[in-house]
>>> print(open('protein_17.cif').read())   # mmCIF, C-alpha atoms and all ligand atoms
data_my_file
loop_
_atom_site.label_atom_id
_atom_site.label_comp_id
_atom_site.auth_asym_id
_atom_site.auth_seq_id
_atom_site.Cartn_x
_atom_site.Cartn_y
_atom_site.Cartn_z
CA MET T 1 120.05 88.61 83.99
CA ALA T 2 121.27 90.89 86.75
CA ASP T 3 120.61 94.13 84.93
CA VAL T 4 117.30 93.15 83.42
CA VAL T 5 114.31 95.21 84.64
CA ASP T 6 111.65 92.53 84.84
CA LEU T 7 108.18 94.09 85.01
CA ARG T 8 106.28 91.03 83.79
CA SER T 9 104.99 90.06 87.23
CA ASP T 10 105.62 90.34 90.95
CA THR T 11 106.14 86.57 90.94
CA VAL T 12 109.64 86.95 89.44
CA THR T 13 111.32 88.10 92.67
CA ARG T 14 114.13 85.99 94.08
CA PRO T 15 114.53 85.42 97.82
CA THR T 16 116.78 87.98 99.50
CA ALA T 17 119.92 86.98 101.39
CA ALA T 18 118.13 87.45 104.73
CA MET T 19 115.20 85.33 103.55
CA ARG T 20 117.56 82.57 102.40
CA GLU T 21 119.22 82.68 105.80
CA ALA T 22 115.84 82.21 107.48
CA MET T 23 115.17 79.27 105.15
CA ALA T 24 118.55 77.68 105.85
CA SER T 25 118.09 77.80 109.61
CA ALA T 26 114.41 76.76 109.69
CA ASP T 27 113.35 74.10 112.15
CA VAL T 28 111.45 71.43 110.17
CA GLY T 29 109.47 68.21 110.55
CA ASP T 30 106.99 66.11 108.59
CA ASP T 31 103.96 68.33 107.96
CA VAL T 32 101.72 65.40 106.99
CA TYR T 33 102.12 64.39 110.66
CA GLY T 34 101.53 68.02 111.64
CA GLU T 35 105.10 68.13 112.93
CA ASP T 36 106.70 70.98 111.00
CA PRO T 37 107.09 73.74 113.61
CA THR T 38 107.81 76.43 111.02
CA ILE T 39 104.69 75.63 108.98
CA ASN T 40 102.64 75.50 112.19
CA GLN T 41 104.01 78.90 113.16
CA LEU T 42 103.30 80.41 109.73
CA GLU T 43 99.74 79.06 109.72
CA ALA T 44 99.04 80.36 113.23
CA GLU T 45 100.63 83.74 112.60
CA VAL T 46 98.84 84.45 109.31
CA ALA T 47 95.47 83.17 110.59
CA ALA T 48 95.83 85.59 113.51
CA MET T 49 96.72 88.52 111.22
CA PHE T 50 93.36 88.09 109.48
CA GLY T 51 91.43 87.10 112.60
CA HIS T 52 90.64 83.69 111.14
CA GLY T 53 90.50 80.51 113.21
CA ALA T 54 92.85 78.44 111.06
CA ALA T 55 95.16 78.47 108.05
CA VAL T 56 96.57 75.77 105.79
CA PHE T 57 99.83 76.18 103.84
CA VAL T 58 99.55 75.24 100.16
CA PRO T 59 102.09 75.31 97.31
CA SER T 60 100.31 77.89 95.15
CA GLY T 61 97.51 80.44 95.01
CA THR T 62 95.78 78.32 92.41
CA MET T 63 95.61 75.47 94.91
CA GLY T 64 94.58 77.97 97.61
CA ASN T 65 91.59 79.04 95.56
CA LEU T 66 90.68 75.49 94.61
CA VAL T 67 90.88 74.17 98.18
CA SER T 68 88.74 77.12 99.34
CA LEU T 69 86.13 76.62 96.64
CA ARG T 70 85.97 72.88 97.40
CA LEU T 71 85.04 73.81 100.97
CA LEU T 72 82.32 76.22 99.88
CA CYS T 73 80.83 74.85 96.70
CA GLY T 74 79.81 71.27 95.85
CA GLN T 75 79.85 69.54 92.48
CA GLY T 76 77.15 70.87 90.20
CA GLU T 77 76.76 73.98 92.32
CA GLU T 78 77.42 77.49 91.18
CA LEU T 79 80.04 80.08 92.04
CA ILE T 80 79.57 83.73 91.08
CA CYS T 81 82.76 85.62 90.30
CA ASP T 82 83.60 88.32 87.77
CA ALA T 83 84.44 87.39 84.18
CA ASP T 84 88.08 88.48 84.53
CA ALA T 85 88.72 86.69 87.82
CA HIS T 86 91.98 84.74 88.16
CA ILE T 87 89.79 81.78 89.15
CA VAL T 88 88.27 81.63 85.66
CA SER T 89 91.15 83.19 83.68
CA TYR T 90 94.40 81.65 84.88
CA GLU T 91 93.75 78.43 86.77
CA ALA T 92 93.46 76.07 83.81
CA GLY T 93 89.79 75.44 84.59
CA ALA T 94 90.61 73.94 88.00
CA ALA T 95 87.26 74.75 89.65
CA ALA T 96 85.44 72.97 86.82
CA ALA T 97 87.95 70.16 86.29
CA HIS T 98 88.57 69.21 89.93
CA GLY T 99 85.59 70.71 91.72
CA GLY T 100 82.76 70.17 89.23
CA ILE T 101 81.92 73.79 90.01
CA GLN T 102 79.87 75.82 87.55
CA THR T 103 80.69 79.51 87.35
CA ARG T 104 78.50 82.50 86.60
CA THR T 105 80.61 85.44 85.57
CA PRO T 106 79.24 88.97 85.23
CA ILE T 107 81.42 91.42 83.30
CA VAL T 108 82.16 94.42 85.51
CA PRO T 109 84.49 97.45 85.24
CA ARG T 110 87.98 96.69 86.58
CA GLY T 111 86.73 93.32 87.83
CA LEU T 112 84.95 94.81 90.82
CA LEU T 113 81.58 93.26 91.62
CA SER T 114 78.84 95.11 93.49
CA ALA T 115 75.76 93.95 95.35
CA ALA T 116 73.60 95.53 92.63
CA VAL T 117 75.28 93.42 89.94
CA VAL T 118 75.44 90.20 91.94
CA GLU T 119 71.94 90.06 93.46
CA PRO T 120 70.06 89.39 90.19
CA GLN T 121 72.59 86.64 89.36
CA ILE T 122 71.80 84.62 92.49
CA ARG T 123 69.55 81.78 91.41
CA VAL T 124 66.31 81.20 93.25
CA ASP T 125 65.37 77.71 94.38
CA GLY T 126 63.61 75.40 91.99
CA TYR T 127 63.81 71.65 91.42
CA HIS T 128 65.88 72.05 88.25
CA ALA T 129 67.84 75.16 89.31
CA VAL T 130 71.59 75.23 89.88
CA PRO T 131 72.09 76.28 93.49
CA THR T 132 74.25 79.38 93.92
CA THR T 133 76.40 78.52 96.91
CA ALA T 134 79.41 80.82 96.76
CA LEU T 135 80.58 84.23 95.67
CA ALA T 136 84.23 85.15 95.10
CA VAL T 137 85.99 88.51 94.93
CA GLU T 138 89.61 89.25 93.99
CA GLN T 139 91.50 91.77 96.14
CA THR T 140 93.40 93.42 94.51
CA HIS T 141 92.10 92.61 91.05
CA ASN T 142 94.85 91.39 88.76
CA ARG T 143 93.24 91.80 85.32
CA GLY T 144 91.43 94.83 86.74
CA GLY T 145 94.80 96.63 86.91
CA GLY T 146 95.47 96.07 90.60
CA ALA T 147 92.14 97.70 91.49
CA VAL T 148 91.25 97.80 95.18
CA TYR T 149 87.72 96.88 96.26
CA PRO T 150 86.38 99.67 98.47
CA VAL T 151 85.73 98.11 101.87
CA ASP T 152 82.13 99.38 101.76
CA THR T 153 81.51 97.37 98.59
CA LEU T 154 82.88 94.29 100.31
CA ARG T 155 80.60 94.92 103.30
CA GLU T 156 77.61 95.10 100.95
CA LEU T 157 78.63 91.84 99.32
CA ARG T 158 78.97 90.24 102.76
CA ALA T 159 75.46 91.41 103.67
CA LEU T 160 74.15 90.05 100.38
CA ALA T 161 75.82 86.69 100.99
CA ASP T 162 74.26 86.55 104.45
CA LYS T 163 70.84 87.49 103.09
CA TYR T 164 70.89 84.55 100.65
CA ALA T 165 72.88 82.19 102.90
CA ILE T 166 75.72 81.84 100.40
CA THR T 167 79.42 81.88 101.22
CA LEU T 168 82.00 84.53 100.35
CA HIS T 169 85.57 83.74 99.27
CA CYS T 170 88.38 86.22 98.75
CA ASP T 171 91.13 85.51 96.25
CA GLY T 172 93.55 87.63 98.24
CA ALA T 173 96.71 86.90 96.28
CA ARG T 174 97.49 90.62 96.63
CA ILE T 175 95.38 91.49 99.69
CA TRP T 176 98.60 92.87 101.24
CA ASN T 177 98.72 95.50 98.50
CA ALA T 178 95.07 96.38 99.15
CA HIS T 179 95.81 96.75 102.85
CA ILE T 180 98.75 99.11 102.20
CA ALA T 181 96.87 101.15 99.57
CA SER T 182 93.62 101.50 101.55
CA GLY T 183 94.82 101.51 105.15
CA VAL T 184 92.11 98.92 105.93
CA SER T 185 93.56 96.39 108.37
CA LEU T 186 94.04 92.75 107.43
CA SER T 187 91.69 91.70 110.24
CA GLU T 188 88.96 94.03 108.95
CA TYR T 189 89.25 92.31 105.59
CA GLY T 190 89.44 88.91 107.24
CA ALA T 191 86.17 89.44 109.12
CA LEU T 192 84.28 89.70 105.83
CA PHE T 193 85.12 86.33 104.29
CA ASP T 194 84.36 82.67 104.92
CA THR T 195 87.58 81.64 103.21
CA MET T 196 90.58 83.48 101.80
CA SER T 197 93.58 82.50 99.73
CA VAL T 198 96.61 84.75 100.29
CA CYS T 199 99.91 84.53 98.39
CA LEU T 200 103.41 84.77 99.81
CA SER T 201 105.05 84.57 96.39
CA LYS T 202 103.72 87.77 94.81
CA GLY T 203 104.65 91.16 96.22
CA LEU T 204 105.86 89.65 99.49
CA GLY T 205 108.76 88.06 97.65
CA ALA T 206 108.76 84.49 98.99
CA PRO T 207 109.75 81.85 96.43
CA VAL T 208 106.76 79.55 97.03
CA GLY T 209 103.54 79.34 98.92
CA SER T 210 100.06 80.51 99.78
CA LEU T 211 97.72 80.05 102.69
CA VAL T 212 94.06 79.15 102.83
CA LEU T 213 92.31 80.87 105.72
CA MET T 214 89.09 79.65 107.26
CA ARG T 215 86.95 80.06 110.34
CA ASP T 216 87.83 76.98 112.36
CA ALA T 217 89.88 73.84 112.82
CA VAL T 218 87.11 71.55 111.50
CA LEU T 219 87.22 73.30 108.13
CA ALA T 220 91.02 73.24 108.25
CA GLU T 221 90.95 69.44 108.54
CA LYS T 222 88.69 69.31 105.49
CA ALA T 223 91.06 71.66 103.69
CA ARG T 224 94.00 69.37 104.51
CA ASP T 225 92.08 66.43 103.05
CA VAL T 226 91.37 68.32 99.82
CA ARG T 227 94.99 69.47 99.63
CA HIS T 228 96.20 65.89 100.09
CA ARG T 229 93.85 64.63 97.39
CA LEU T 230 95.30 67.22 95.01
CA GLY T 231 98.84 66.09 95.79
CA GLY T 232 99.62 69.26 97.69
CA ALA T 233 100.54 67.79 101.08
CA MET T 234 104.23 68.40 101.69
CA ARG T 235 106.80 67.11 104.17
CA GLN T 236 109.67 69.27 105.50
CA ALA T 237 108.27 72.33 103.74
CA GLY T 238 109.23 74.45 106.75
CA VAL T 239 112.14 75.64 104.61
CA LEU T 240 109.48 77.26 102.41
CA ALA T 241 107.31 78.41 105.30
CA ALA T 242 110.39 80.13 106.77
CA ALA T 243 110.57 82.29 103.65
CA GLY T 244 106.87 83.06 104.05
CA LEU T 245 107.28 83.96 107.72
CA TYR T 246 110.17 86.24 106.84
CA ALA T 247 108.02 87.82 104.13
CA VAL T 248 104.97 88.55 106.30
CA ARG T 249 107.19 89.93 109.06
CA ASN T 250 109.38 92.13 106.85
CA HIS T 251 107.91 92.76 103.42
CA ILE T 252 104.39 94.11 103.92
CA ASP T 253 105.07 97.77 104.70
CA ARG T 254 107.58 98.12 101.87
CA LEU T 255 104.80 97.44 99.33
CA ALA T 256 104.20 101.20 99.55
CA ASP T 257 107.46 101.62 97.60
CA ASP T 258 106.14 99.34 94.84
CA HIS T 259 102.96 101.41 94.70
CA ASP T 260 104.91 104.69 94.47
CA ARG T 261 107.05 103.25 91.68
CA ALA T 262 104.04 101.97 89.75
CA ARG T 263 102.45 105.40 90.05
CA ARG T 264 105.64 107.07 88.80
CA LEU T 265 105.72 104.65 85.87
CA ALA T 266 102.08 105.36 85.00
CA GLU T 267 102.52 109.13 85.30
CA GLY T 268 105.68 109.13 83.18
CA ILE T 269 104.10 107.06 80.44
CA ALA T 270 100.87 109.09 80.49
CA ALA T 271 102.89 112.30 80.14
CA ALA T 272 104.87 110.97 77.15
CA ALA T 273 101.97 109.14 75.49
CA PRO T 274 98.62 110.60 76.53
CA GLY T 275 95.75 108.09 76.59
CA VAL T 276 97.96 105.01 76.93
CA THR T 277 97.34 104.72 80.65
CA ASP T 278 95.33 106.57 83.29
CA PRO T 279 97.54 107.08 86.37
CA ALA T 280 94.42 107.38 88.55
CA GLU T 281 93.78 103.70 87.82
CA THR T 282 97.15 102.66 89.19
CA GLU T 283 96.10 102.14 92.80
CA THR T 284 98.69 99.51 93.68
CA ASN T 285 101.63 97.83 91.88
CA ILE T 286 100.09 97.11 88.46
CA VAL T 287 100.06 99.38 85.39
CA TYR T 288 98.09 98.55 82.28
CA LEU T 289 98.85 100.09 78.90
CA ASP T 290 96.14 100.41 76.28
CA LEU T 291 97.92 100.58 72.91
CA THR T 292 94.77 100.99 70.79
CA ASN T 293 95.95 104.35 69.47
CA ALA T 294 99.68 103.85 69.97
CA PRO T 295 102.22 103.71 67.13
CA LEU T 296 103.08 100.10 67.97
CA ASP T 297 101.23 97.06 69.27
CA SER T 298 101.95 94.93 72.34
CA ALA T 299 104.39 92.62 70.55
CA GLY T 300 106.20 95.63 69.08
CA LEU T 301 106.50 97.35 72.45
CA ALA T 302 107.58 94.16 74.20
CA ALA T 303 110.29 93.57 71.57
CA ALA T 304 111.55 97.15 71.75
CA CYS T 305 111.68 96.90 75.55
CA ALA T 306 113.37 93.49 75.56
CA ALA T 307 116.11 94.88 73.32
CA ASP T 308 116.86 97.31 76.17
CA GLY T 309 116.61 94.66 78.89
CA VAL T 310 113.15 95.71 80.06
CA LEU T 311 110.60 92.89 80.22
CA VAL T 312 106.83 93.49 80.05
CA SER T 313 103.78 91.20 79.78
CA VAL T 314 101.68 91.03 76.63
CA LEU T 315 98.08 90.41 77.70
CA ALA T 316 96.36 91.09 74.40
CA PRO T 317 97.39 92.46 70.98
CA ARG T 318 97.00 96.04 72.29
CA ARG T 319 97.23 95.50 76.04
CA VAL T 320 100.44 95.36 78.08
CA ARG T 321 100.92 94.87 81.81
CA LEU T 322 103.74 96.23 83.99
CA VAL T 323 104.15 95.13 87.61
CA THR T 324 106.49 96.60 90.22
CA HIS T 325 108.03 94.50 92.99
CA LEU T 326 110.89 93.91 95.41
CA ASP T 327 113.48 93.43 92.65
CA VAL T 328 112.77 96.71 90.81
CA ASP T 329 114.33 99.85 92.29
CA ASP T 330 114.12 103.54 91.34
CA ALA T 331 116.90 103.20 88.78
CA GLY T 332 114.97 100.33 87.19
CA ILE T 333 111.88 102.53 86.90
CA ASP T 334 113.96 105.28 85.27
CA ARG T 335 115.31 102.81 82.76
CA ALA T 336 111.87 101.39 82.02
CA LEU T 337 110.47 104.88 81.53
CA THR T 338 113.23 105.87 79.10
CA THR T 339 112.72 102.68 77.10
CA ILE T 340 108.90 102.61 77.08
CA CYS T 341 108.43 106.34 76.46
CA GLY T 342 111.06 106.21 73.71
CA ALA T 343 109.27 103.34 71.99
CA LEU T 344 105.82 104.95 72.28
CA ASP T 345 107.14 108.25 70.96
CA SER T 346 108.47 106.86 67.69
C1 LIG H 401 98.96 84.89 91.17
C2 LIG H 401 97.54 84.85 91.51
C3 LIG H 401 96.96 83.71 92.07
C4 LIG H 401 97.72 82.43 92.34
O1 LIG H 401 98.65 82.09 91.42
P1 LIG H 401 99.71 80.93 91.58
O2 LIG H 401 100.62 81.22 90.47
O3 LIG H 401 98.97 79.66 91.46
O4 LIG H 401 100.35 81.05 92.93
C5 LIG H 401 95.63 83.76 92.41
N1 LIG H 401 94.92 84.87 92.21
C6 LIG H 401 95.44 85.99 91.70
C7 LIG H 401 94.59 87.19 91.56
C8 LIG H 401 96.76 86.02 91.32
O5 LIG H 401 97.28 87.13 90.79
#
>>> encode(input="protein_17.cif", output="structure tokens", more="lines below")
Ligand SMILES: *Cc1c(COP(=O)(O)O)cnc(C)c1O
Amino acid sequence: MADVVDLRSDTVTRPTAAMREAMASADVGDDVYGEDPTINQLEAEVAAMFGHGAAVFVPSGTMGNLVSLRLLCGQGEELICDADAHIVSYEAGAAAAHGGIQTRTPIVPRGLLSAAVVEPQIRVDGYHAVPTTALAVEQTHNRGGGAVYPVDTLRELRALADKYAITLHCDGARIWNAHIASGVSLSEYGALFDTMSVCLSKGLGAPVGSLVLMRDAVLAEKARDVRHRLGGAMRQAGVLAAAGLYAVRNHIDRLADDHDRARRLAEGIAAAAPGVTDPAETETNIVYLDLTNAPLDSAGLAAACAADGVLVSVLAPRRVRLVTHLDVDDAGIDRALTTICGALDS
């Protein structure tokens, strides 16, 4: 598969030689006893980056979101998040199945909530009312095309949460991309949220792992209980944490390259096939193609691309997603452009 240009997702990256070296030499112990020094280091280092009091290493972002929501929202209580959120789109109903959490999901452009949209959705007290206890945002927004929440919008949502005494969670699978695109520091983001889930295995290029961030050690103990109950407590997972540490130390700034490449992809496609994508909407590493008026549908484009060794994601019959990452270089973008523009031109 060496010469395949895989644009399906930023999860497809393989650990680099230097990352594998860090994994091979990692100091490890049994994390259920709290004795894995590499996991402890990763948790401390990432909590500090966001200015949070504690972090807990989990196997996936899905578990990161679920553990967070279990801390914030009880059974039969309600979470507000947008209708396209990963939490309600791609987690196999985990919040409902394992958390008994009801969701209320406004439809908003590019997945970005605002205080004006959310406030009327917060339920007022009443003996038969469902209590709204949490609000979740996704930074960047995956199905929203990698859209970045403006920090002012997040501040308004924080103020709203405070006004109604509800909690605010950030699905920050790609918060690193938001940080690079916006210049807003990770600690500025961190200050806004009660809990966050951040992924090491997306743009940062680690093979496995996410962290749940929270205010203090008491909540972290609760988070460890929930993780254990879900079967997510691991033993000498320092070999995985070592990859994560390498990633947060070495792979954040380079996300700018992924953003430049995504922009070049969007601009090239828009030039060859006007209306298929709006380059202004490519703020980070995700490009969406709208094939409504194109000569071929998503399956047709994906097949034409695959024949040339370019892989894309089919999200809907006329919607395709392209994602740039560590394993796609400039030559890969050139190849993808030739293939995609050729197919859309026919
Ligand atoms: C990838 C992703 C997650 C977590 O996914 P896992 O595959 O479970 O690690 C969570 N939220 C968003 C927005 C994502 O893109």
>>> residues_near_ligand(input="protein_17.cif", ligand="ligand LIG 401 (chain H)", cutoff="10 Å", atoms="all atoms listed in the file", output="NGL selection string")
:T and (9-11 or 58-66 or 84-91 or 137-144 or 146 or 170-175 or 197-203 or 208-210)
>>> residues_around(input="protein_17.cif", residues="Leu113 in chain T", least_positions_apart="2", cutoff="9 Å", atoms="all atoms listed in the file", output="ChimeraX atom specification")
/T:81-82,106-111,115-118,137,149,153-154,157
>>> closest_residue(input="protein_17.cif", among="T:Asp194, T:Asp278, T:Asp260, T:Asp297", to="Leu69 in chain T", atoms="only C-alpha atoms")
T:Asp194
>>> atom_distance(input="protein_17.cif", atom1="CA of Arg224 in chain T", atom2="CA of Ala95 in chain T")
17.2 Å
>>> closest_residue(input="protein_17.cif", among="T:Ile122, T:Ala147, T:Leu72, T:Ala237", to="Asp27 in chain T", atoms="all atoms listed in the file")
T:Ala237
>>> residues_around(input="protein_17.cif", residues="Val218 in chain T", least_positions_apart="2", cutoff="12 Å", atoms="all atoms listed in the file", output="list in words")
Gly53, Ala54, Ala55, Val56, Leu71, Met214, Arg215, Asp216, Ala220, Glu221, Lys222, Ala223, Arg224 and Asp225 of chain T
>>> decode(input="protein_17.cif", residues="range 163-189 of chain T", atoms="C-alpha atoms", output="PDB file, in the first residue's frame")
ATOM      1  CA  LYS T 163     -25.850  31.141  33.910  1.00  0.00           C
ATOM      2  CA  TYR T 164     -27.893  27.916  33.960  1.00  0.00           C
ATOM      3  CA  ALA T 165     -25.452  25.914  36.110  1.00  0.00           C
ATOM      4  CA  ILE T 166     -24.905  23.276  33.432  1.00  0.00           C
ATOM      5  CA  THR T 167     -21.570  21.746  32.477  1.00  0.00           C
ATOM      6  CA  LEU T 168     -19.623  22.180  29.235  1.00  0.00           C
ATOM      7  CA  HIS T 169     -17.734  19.359  27.508  1.00  0.00           C
ATOM      8  CA  CYS T 170     -15.429  19.669  24.519  1.00  0.00           C
ATOM      9  CA  ASP T 171     -15.024  16.792  22.097  1.00  0.00           C
ATOM     10  CA  GLY T 172     -11.539  17.967  21.226  1.00  0.00           C
ATOM     11  CA  ALA T 173     -10.489  15.068  19.022  1.00  0.00           C
ATOM     12  CA  ARG T 174      -8.948  17.698  16.715  1.00  0.00           C
ATOM     13  CA  ILE T 175      -8.492  20.584  19.167  1.00  0.00           C
ATOM     14  CA  TRP T 176      -4.816  20.612  18.100  1.00  0.00           C
ATOM     15  CA  ASN T 177      -5.904  21.570  14.591  1.00  0.00           C
ATOM     16  CA  ALA T 178      -8.109  24.341  16.000  1.00  0.00           C
ATOM     17  CA  HIS T 179      -5.180  25.640  18.027  1.00  0.00           C
ATOM     18  CA  ILE T 180      -2.888  25.749  14.973  1.00  0.00           C
ATOM     19  CA  ALA T 181      -5.544  27.302  12.706  1.00  0.00           C
ATOM     20  CA  SER T 182      -6.721  29.954  15.194  1.00  0.00           C
ATOM     21  CA  GLY T 183      -3.587  30.705  17.178  1.00  0.00           C
ATOM     22  CA  VAL T 184      -5.666  30.358  20.370  1.00  0.00           C
ATOM     23  CA  SER T 185      -3.549  28.572  22.980  1.00  0.00           C
ATOM     24  CA  LEU T 186      -4.478  25.145  24.313  1.00  0.00           C
ATOM     25  CA  SER T 187      -4.738  26.572  27.831  1.00  0.00           C
ATOM     26  CA  GLU T 188      -7.159  29.272  26.662  1.00  0.00           C
ATOM     27  CA  TYR T 189      -9.352  26.529  25.255  1.00  0.00           C
TER      28      TYR T 189
END
